[in-house]
>>> print(open('work_0.csv').read())   # CSV, C-alpha atoms
chain,number,residue,atom,x,y,z
X,1,MET,CA,-25.3,-79.2,3.9
X,2,SER,CA,-22.0,-80.9,4.4
X,3,LYS,CA,-20.9,-82.1,7.8
X,4,VAL,CA,-18.0,-79.6,7.9
X,5,LYS,CA,-20.4,-76.7,7.0
X,6,LYS,CA,-22.9,-77.9,9.6
X,7,ALA,CA,-20.2,-78.2,12.3
X,8,GLY,CA,-19.0,-74.7,11.4
X,9,MET,CA,-22.5,-73.4,11.7
X,10,TRP,CA,-23.1,-75.0,15.1
X,11,MET,CA,-19.8,-73.8,16.4
X,12,SER,CA,-20.4,-70.2,15.1
X,13,LEU,CA,-23.9,-70.2,16.6
X,14,GLY,CA,-22.6,-71.5,20.0
X,15,LEU,CA,-19.7,-69.1,20.2
X,16,ALA,CA,-21.6,-66.0,19.1
X,17,SER,CA,-24.7,-66.7,21.2
X,18,VAL,CA,-22.7,-67.3,24.4
X,19,ALA,CA,-20.6,-64.1,23.8
X,20,PHE,CA,-23.6,-61.9,23.0
X,21,ALA,CA,-25.7,-63.4,25.9
X,22,ALA,CA,-22.9,-62.8,28.4
X,23,ALA,CA,-22.2,-59.2,27.2
X,24,GLY,CA,-25.9,-58.4,27.0
X,25,LEU,CA,-26.7,-59.8,30.5
X,26,ALA,CA,-23.8,-57.9,32.0
X,27,LYS,CA,-25.1,-54.7,30.5
X,28,LEU,CA,-28.6,-55.5,31.7
X,29,ALA,CA,-27.2,-56.2,35.2
X,30,GLY,CA,-25.6,-52.7,35.2
X,31,VAL,CA,-22.0,-53.8,35.3
X,32,GLU,CA,-20.2,-50.5,35.3
X,33,GLN,CA,-17.4,-51.6,32.9
X,34,MET,CA,-19.9,-52.5,30.3
X,35,HIS,CA,-21.5,-49.1,30.4
X,36,MET,CA,-18.3,-47.0,30.4
X,37,SER,CA,-18.0,-47.1,26.6
X,38,PHE,CA,-21.4,-45.6,26.2
X,39,ALA,CA,-20.6,-42.8,28.6
X,40,ALA,CA,-17.2,-42.1,26.8
X,41,MET,CA,-19.2,-41.6,23.6
X,42,GLY,CA,-21.6,-39.3,25.3
X,43,LEU,CA,-24.6,-41.6,25.0
X,44,PRO,CA,-27.3,-41.8,27.6
X,45,ALA,CA,-27.2,-44.6,30.2
X,46,TRP,CA,-30.5,-46.2,28.9
X,47,PHE,CA,-28.7,-46.8,25.6
X,48,GLY,CA,-26.4,-49.4,27.2
X,49,TYR,CA,-29.4,-51.2,28.6
X,50,PHE,CA,-31.1,-51.1,25.2
X,51,ILE,CA,-28.0,-52.6,23.5
X,52,GLY,CA,-27.8,-55.3,26.2
X,53,ALA,CA,-31.4,-56.2,25.6
X,54,CYS,CA,-30.7,-56.4,21.8
X,55,GLU,CA,-27.7,-58.6,22.4
X,56,VAL,CA,-29.7,-61.0,24.5
X,57,ALA,CA,-32.5,-61.1,22.0
X,58,GLY,CA,-30.0,-61.6,19.2
X,59,ALA,CA,-28.3,-64.4,21.0
X,60,VAL,CA,-31.6,-66.2,21.0
X,61,GLY,CA,-32.7,-65.0,17.6
X,62,VAL,CA,-29.7,-66.4,15.7
X,63,TRP,CA,-30.9,-69.9,16.7
X,64,LEU,CA,-34.3,-69.6,15.2
X,65,ARG,CA,-34.5,-70.0,11.4
X,66,ARG,CA,-37.3,-67.5,11.1
X,67,THR,CA,-35.4,-64.7,12.9
X,68,SER,CA,-31.7,-65.7,12.4
X,69,ILE,CA,-31.1,-63.4,9.4
X,70,TYR,CA,-32.5,-60.4,11.1
X,71,ALA,CA,-30.7,-61.2,14.4
X,72,CYS,CA,-27.4,-61.4,12.4
X,73,ILE,CA,-28.0,-58.0,10.8
X,74,GLY,CA,-28.8,-56.4,14.1
X,75,LEU,CA,-25.8,-57.9,15.9
X,76,PHE,CA,-23.5,-57.1,13.0
X,77,ILE,CA,-24.6,-53.4,13.3
X,78,ILE,CA,-24.0,-53.5,17.1
X,79,MET,CA,-20.5,-54.9,16.4
X,80,LEU,CA,-19.8,-52.1,13.9
X,81,GLY,CA,-20.5,-49.7,16.8
X,82,ALA,CA,-18.2,-51.6,19.1
X,83,ILE,CA,-15.4,-51.6,16.5
X,84,TYR,CA,-15.9,-47.9,16.0
X,85,PHE,CA,-15.7,-47.3,19.8
X,86,HIS,CA,-12.4,-49.3,20.1
X,87,VAL,CA,-10.8,-47.6,17.0
X,88,VAL,CA,-11.7,-44.1,18.0
X,89,TYR,CA,-11.8,-44.1,21.9
X,90,ASP,CA,-9.7,-47.2,22.9
X,91,ALA,CA,-6.8,-49.3,21.7
X,92,VAL,CA,-7.4,-50.6,18.2
X,93,ALA,CA,-6.4,-54.1,19.3
X,94,ASN,CA,-9.4,-54.2,21.6
X,95,ALA,CA,-11.6,-54.2,18.5
X,96,ILE,CA,-10.5,-57.7,17.6
X,97,PRO,CA,-13.3,-59.6,19.6
X,98,ALA,CA,-15.9,-57.3,18.0
X,99,LEU,CA,-14.4,-57.9,14.6
X,100,VAL,CA,-14.5,-61.7,15.1
X,101,LEU,CA,-18.1,-61.6,16.2
X,102,ALA,CA,-19.0,-59.4,13.2
X,103,ILE,CA,-17.3,-62.1,11.0
X,104,LEU,CA,-19.3,-64.8,12.7
X,105,MET,CA,-22.5,-62.9,12.1
X,106,SER,CA,-21.6,-62.6,8.5
X,107,TYR,CA,-20.9,-66.3,8.2
X,108,ILE,CA,-24.2,-67.2,9.9
X,109,PHE,CA,-26.1,-64.8,7.7
X,110,VAL,CA,-24.6,-66.2,4.5
X,111,VAL,CA,-25.4,-69.8,5.5
X,112,ARG,CA,-28.9,-69.0,6.7
X,113,LYS,CA,-29.6,-67.0,3.6
X,114,GLY,CA,-28.4,-69.9,1.4
X,115,GLU,CA,-30.6,-72.3,3.4
X,116,SER,CA,-33.7,-70.1,2.9
X,117,GLN,CA,-33.0,-69.7,-0.8
X,118,GLY,CA,-32.5,-73.4,-1.2
X,119,SER,CA,-35.9,-74.1,0.4
X,120,GLU,CA,-37.7,-71.8,-2.0
X,121,SER,CA,-36.7,-73.9,-5.1
>>> encode(input="work_0.csv", output="C-alpha cells")
Amino acid sequence: MSKVKKAGMWMSLGLASVAFAAAGLAKLAGVEQMHMSFAAMGLPAWFGYFIGACEVAGAVGVWLRRTSIYACIGLFIIMLGAIYFHVVYDAVANAIPALVLAILMSYIFVVRKGESQGSES
C-alpha cells in the first residue's frame, strides 16, 4: 500500500470512528436532540439507543481487520437512514455530514476489501 493510500486510510478511520463514537455515545447517554429524529419518523425510543450502540460498535469495528468490512456495511446502512431522514424530514443540506460519512465508509470498505483479496493470493 502506498504512503498516500495508507495516510488516507488512517485519516478516514480516525475521522469516521470519532464521528460515529461521539454520535453513538450521545444517543446512548439519552441526549434528547439525538433522539428527536427517531421520534419524528415515528420510531420507538429504544431504536435510538440501538442505533447508538451500533455506531459505537462500528467505530471500534472499523479498526479491526476481521470486522472492518462488516462494520463499514452496517455504518453505511445507518448513514443511508440518516440521509433519508434529512432529505424527507429536515433540510437537505443537513444530510451532508451523513453523506460524507457514507463516502468514508465506502472508501474504507474498498481499501479493506482490496487488502483481504490481496492476502488471499
>>> residues_around(input="work_0.csv", residues="region 51-54 of chain X", least_positions_apart="2", cutoff="6 Å", atoms="all atoms listed in the file", output="PyMOL selection string")
chain X and resi 24+27-28+48-49+56-58
>>> residues_around(input="work_0.csv", residues="Phe38 (chain X)", least_positions_apart="3", cutoff="12 Å", atoms="all atoms listed in the file", output="list in words")
Lys27, Glu32, Gln33, Met34, His35, Met41, Gly42, Leu43, Pro44, Ala45, Trp46, Phe47, Gly48, Tyr49, Phe50, Ile51, Gly52, Gly81, Ala82, Tyr84, Phe85, His86 and Tyr89 of chain X
>>> write_last_selection(input="work_0.csv", atoms="C-alpha atoms", output="PDB file, in the frame of the given file")
ATOM      1  CA  LYS X  27     -25.100 -54.700  30.500  1.00  0.00           C
ATOM      2  CA  GLU X  32     -20.200 -50.500  35.300  1.00  0.00           C
ATOM      3  CA  GLN X  33     -17.400 -51.600  32.900  1.00  0.00           C
ATOM      4  CA  MET X  34     -19.900 -52.500  30.300  1.00  0.00           C
ATOM      5  CA  HIS X  35     -21.500 -49.100  30.400  1.00  0.00           C
ATOM      6  CA  MET X  41     -19.200 -41.600  23.600  1.00  0.00           C
ATOM      7  CA  GLY X  42     -21.600 -39.300  25.300  1.00  0.00           C
ATOM      8  CA  LEU X  43     -24.600 -41.600  25.000  1.00  0.00           C
ATOM      9  CA  PRO X  44     -27.300 -41.800  27.600  1.00  0.00           C
ATOM     10  CA  ALA X  45     -27.200 -44.600  30.200  1.00  0.00           C
ATOM     11  CA  TRP X  46     -30.500 -46.200  28.900  1.00  0.00           C
ATOM     12  CA  PHE X  47     -28.700 -46.800  25.600  1.00  0.00           C
ATOM     13  CA  GLY X  48     -26.400 -49.400  27.200  1.00  0.00           C
ATOM     14  CA  TYR X  49     -29.400 -51.200  28.600  1.00  0.00           C
ATOM     15  CA  PHE X  50     -31.100 -51.100  25.200  1.00  0.00           C
ATOM     16  CA  ILE X  51     -28.000 -52.600  23.500  1.00  0.00           C
ATOM     17  CA  GLY X  52     -27.800 -55.300  26.200  1.00  0.00           C
ATOM     18  CA  GLY X  81     -20.500 -49.700  16.800  1.00  0.00           C
ATOM     19  CA  ALA X  82     -18.200 -51.600  19.100  1.00  0.00           C
ATOM     20  CA  TYR X  84     -15.900 -47.900  16.000  1.00  0.00           C
ATOM     21  CA  PHE X  85     -15.700 -47.300  19.800  1.00  0.00           C
ATOM     22  CA  HIS X  86     -12.400 -49.300  20.100  1.00  0.00           C
ATOM     23  CA  TYR X  89     -11.800 -44.100  21.900  1.00  0.00           C
TER      24      TYR X  89
END
>>> atom_distance(input="work_0.csv", atom1="CA of Met1 (chain X)", atom2="CA of Arg66 (chain X)")
18.2 Å
>>> closest_residue(input="work_0.csv", among="X:Val18, X:Val110, X:Ala26, X:Ile96", to="Met79 (chain X)", atoms="all atoms listed in the file")
X:Ile96
>>> closest_residue(input="work_0.csv", among="X:Val60, X:Lys113, X:Ala7, X:Val92", to="Ala22 (chain X)", atoms="only C-alpha atoms")
X:Val60
>>> closest_residue(input="work_0.csv", among="X:Val88, X:Val31, X:Ala40, X:Met105", to="Ala71 (chain X)", atoms="all atoms listed in the file")
X:Met105
>>> decode(input="work_0.csv", residues="region 16-61 of chain X", atoms="C-alpha atoms", output="compact mmCIF listing (two decimals), in the first residue's frame")
# COMPACT_ATOMS: atom_id res chain seq x y z
CA ALA X 16 -15.16 8.22 10.88
CA SER X 17 -14.56 6.45 14.18
CA VAL X 18 -14.52 9.71 16.17
CA ALA X 19 -17.73 10.88 14.49
CA PHE X 20 -19.54 7.57 14.99
CA ALA X 21 -18.30 7.12 18.57
CA ALA X 22 -19.40 10.65 19.51
CA ALA X 23 -22.84 10.29 17.91
CA GLY X 24 -23.33 6.80 19.32
CA LEU X 25 -22.30 7.76 22.86
CA ALA X 26 -24.61 10.80 22.74
CA LYS X 27 -27.52 8.53 21.75
CA LEU X 28 -26.64 6.05 24.49
CA ALA X 29 -26.46 8.92 27.00
CA GLY X 30 -30.01 9.87 26.05
CA VAL X 31 -29.22 13.31 24.61
CA GLU X 32 -32.66 14.50 23.56
CA GLN X 33 -31.51 16.15 20.30
CA MET X 34 -30.04 12.85 19.14
CA HIS X 35 -33.37 11.07 19.65
CA MET X 36 -35.67 13.68 18.08
CA SER X 37 -35.11 12.33 14.56
CA PHE X 38 -36.30 8.87 15.58
CA ALA X 39 -39.42 10.33 17.19
CA ALA X 40 -40.10 12.44 14.07
CA MET X 41 -40.11 9.25 11.99
CA GLY X 42 -42.43 7.51 14.44
CA LEU X 43 -39.78 5.04 15.60
CA PRO X 44 -39.75 3.73 19.18
CA ALA X 45 -37.33 5.27 21.70
CA TRP X 46 -35.33 2.03 22.06
CA PHE X 47 -34.39 2.24 18.37
CA GLY X 48 -32.28 5.36 19.01
CA TYR X 49 -30.35 3.50 21.72
CA PHE X 50 -29.92 0.51 19.39
CA ILE X 51 -28.51 2.74 16.64
CA GLY X 52 -26.22 4.39 19.20
CA ALA X 53 -24.87 1.00 20.29
CA CYS X 54 -24.35 0.03 16.64
CA GLU X 55 -22.47 3.27 15.97
CA VAL X 56 -20.15 2.72 18.93
CA ALA X 57 -19.57 -0.91 17.96
CA GLY X 58 -18.94 0.16 14.37
CA ALA X 59 -16.49 2.86 15.47
CA VAL X 60 -14.42 0.12 17.08
CA GLY X 61 -15.10 -2.49 14.40
